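These notes concern the structure reproduced below.
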Amino acid sequence: MSSAVSITLVQQPFIVAAVAQNTAKVLEIATGSQSDLLLFPELTLTGYPPEDLLLRGDFQLLVEQSLQQICAAKLPNTLVVGHPWRDGEACITLLL
């Protein structure tokens, strides 16, 4: 027996360096959605292009706090949210 899964591809303008505002927008979209799965762009939390902001440790900490906020939210759906992640000296984009 199979069941249908509804998927939403989110294409919204996310503002560069406005991590808190972008996080609020993610939560607003997810809360208002009837979809089972929402797929957000690769640099949703930081906006595109974040450029040299990715080199700042305080900026990365802000992104990590926003991810924790999203994960802690009691959302009715599953999200895939793009964000940068530092691994030593390298900064790569990952999906949550």
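By convention in this document, the chains of the structure tokens carry letters A, B, ... by their order, each chain's residues are numbered from 1, and ligands are numbered from 1 in the order they are shown.
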For this session: Quick one: pick out all alpha helix (DSSP H) residues within chain A from a backbone DSSP run and write them as number ranges by chain.
Result: A: 19-32, 57-72
I'd like the neighbourhood of Leu27 (chain A) as an mmCIF file with C-alpha atoms, in the first residue's frame, where a residue qualifies if any of its atoms comes within 9 Å (using only C-alpha atoms), though same-chain residues fewer than 5 positions away should be ignored.
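selection-v9.cif, written as the output of this step:
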data_model
loop_
_atom_site.group_PDB
_atom_site.id
_atom_site.type_symbol
_atom_site.label_atom_id
_atom_site.label_comp_id
_atom_site.auth_asym_id
_atom_site.auth_seq_id
_atom_site.Cartn_x
_atom_site.Cartn_y
_atom_site.Cartn_z
ATOM 1 C CA ASN A 22 15.315 34.556 6.683
ATOM 2 C CA GLY A 32 1.468 27.851 6.513
ATOM 3 C CA ILE A 70 14.219 25.651 12.995
ATOM 4 C CA ALA A 73 10.103 24.256 16.013
ATOM 5 C CA LEU A 75 6.531 21.903 12.413
#
Exercise. Which of these residues is nearest to Ile15 (chain A), using only C-alpha atoms: A:Lys74, A:Ile29, A:Glu42, A:Pro50?
Worked result: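 Of all the options, A:Pro50 lies closest to Ile15 (chain A).
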Problem set entry | A:Gln60, A:Val26, A:Ala20, A:Ala72 ranked by distance to Leu39 (chain A), top pick (using only C-alpha atoms) |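 Answer, going by the shortest atom-to-atom distance: A:Val26.
Of the residues listed (A:Val19, A:Val80, A:Ala4, A:Val63), A:Val19 shows the shortest atom-to-atom separation from Gly47 (chain A); distances use only C-alpha atoms.
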Problem set entry | strand (DSSP E or B) residues, from DSSP on the backbone, in chain A, as a VMD selection string | chain A and resid 7 to 9 37 to 39 78 to 80 82 to 87 90 to 95
As a tab-separated table (two decimals) with C-alpha atoms, in the first residue's frame, please: the residues near Glu64 (chain A) (cut-off 10 Å, only C-alpha atoms, same-chain neighbours under 6 positions excluded).
chain	number	residue	atom	x	y	z
A	45	LEU	CA	19.57	31.27	5.76
A	58	ASP	CA	30.12	35.16	14.53
A	70	ILE	CA	14.22	25.65	13.00
A	83	HIS	CA	23.03	26.74	4.75
A	84	PRO	CA	26.82	27.15	4.86
A	85	TRP	CA	28.92	25.07	7.24
Exercise. CA of Gln11 (chain A) to CA of Gly57 (chain A): how many Å, to one decimal?
Worked result: 27.7 Å
Exercise. Of the candidates A:Leu55, A:Asp36, A:Pro41, A:Gly82, which shows the shortest atom-to-atom distance to Ser3 (chain A), using only C-alpha atoms?
Worked result: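 Result for the nearest residue to Ser3 (chain A): A:Asp36.
The interatomic distance for the pair CA of Asn77 (chain A) and CA of Leu37 (chain A) works out to 5.8 Å.
If you measure from each of A:Leu38, A:Val81, A:Ala18, A:Ile7 to Leu67 (chain A) using only C-alpha atoms, the closest one turns out to be A:Val81.
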Exercise. Which is closer to Leu54 (chain A) than all the others in A:Leu9, A:Leu79, A:Ala30, A:Val16, using only C-alpha atoms?
Worked result: A:Val16
Exercise. To one decimal place, how far is CA of Ala24 (chain A) from CA of Ser66 (chain A) in Å?
Worked result: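 Atom-to-atom, CA of Ala24 (chain A) and CA of Ser66 (chain A) are spaced 9.1 Å apart.
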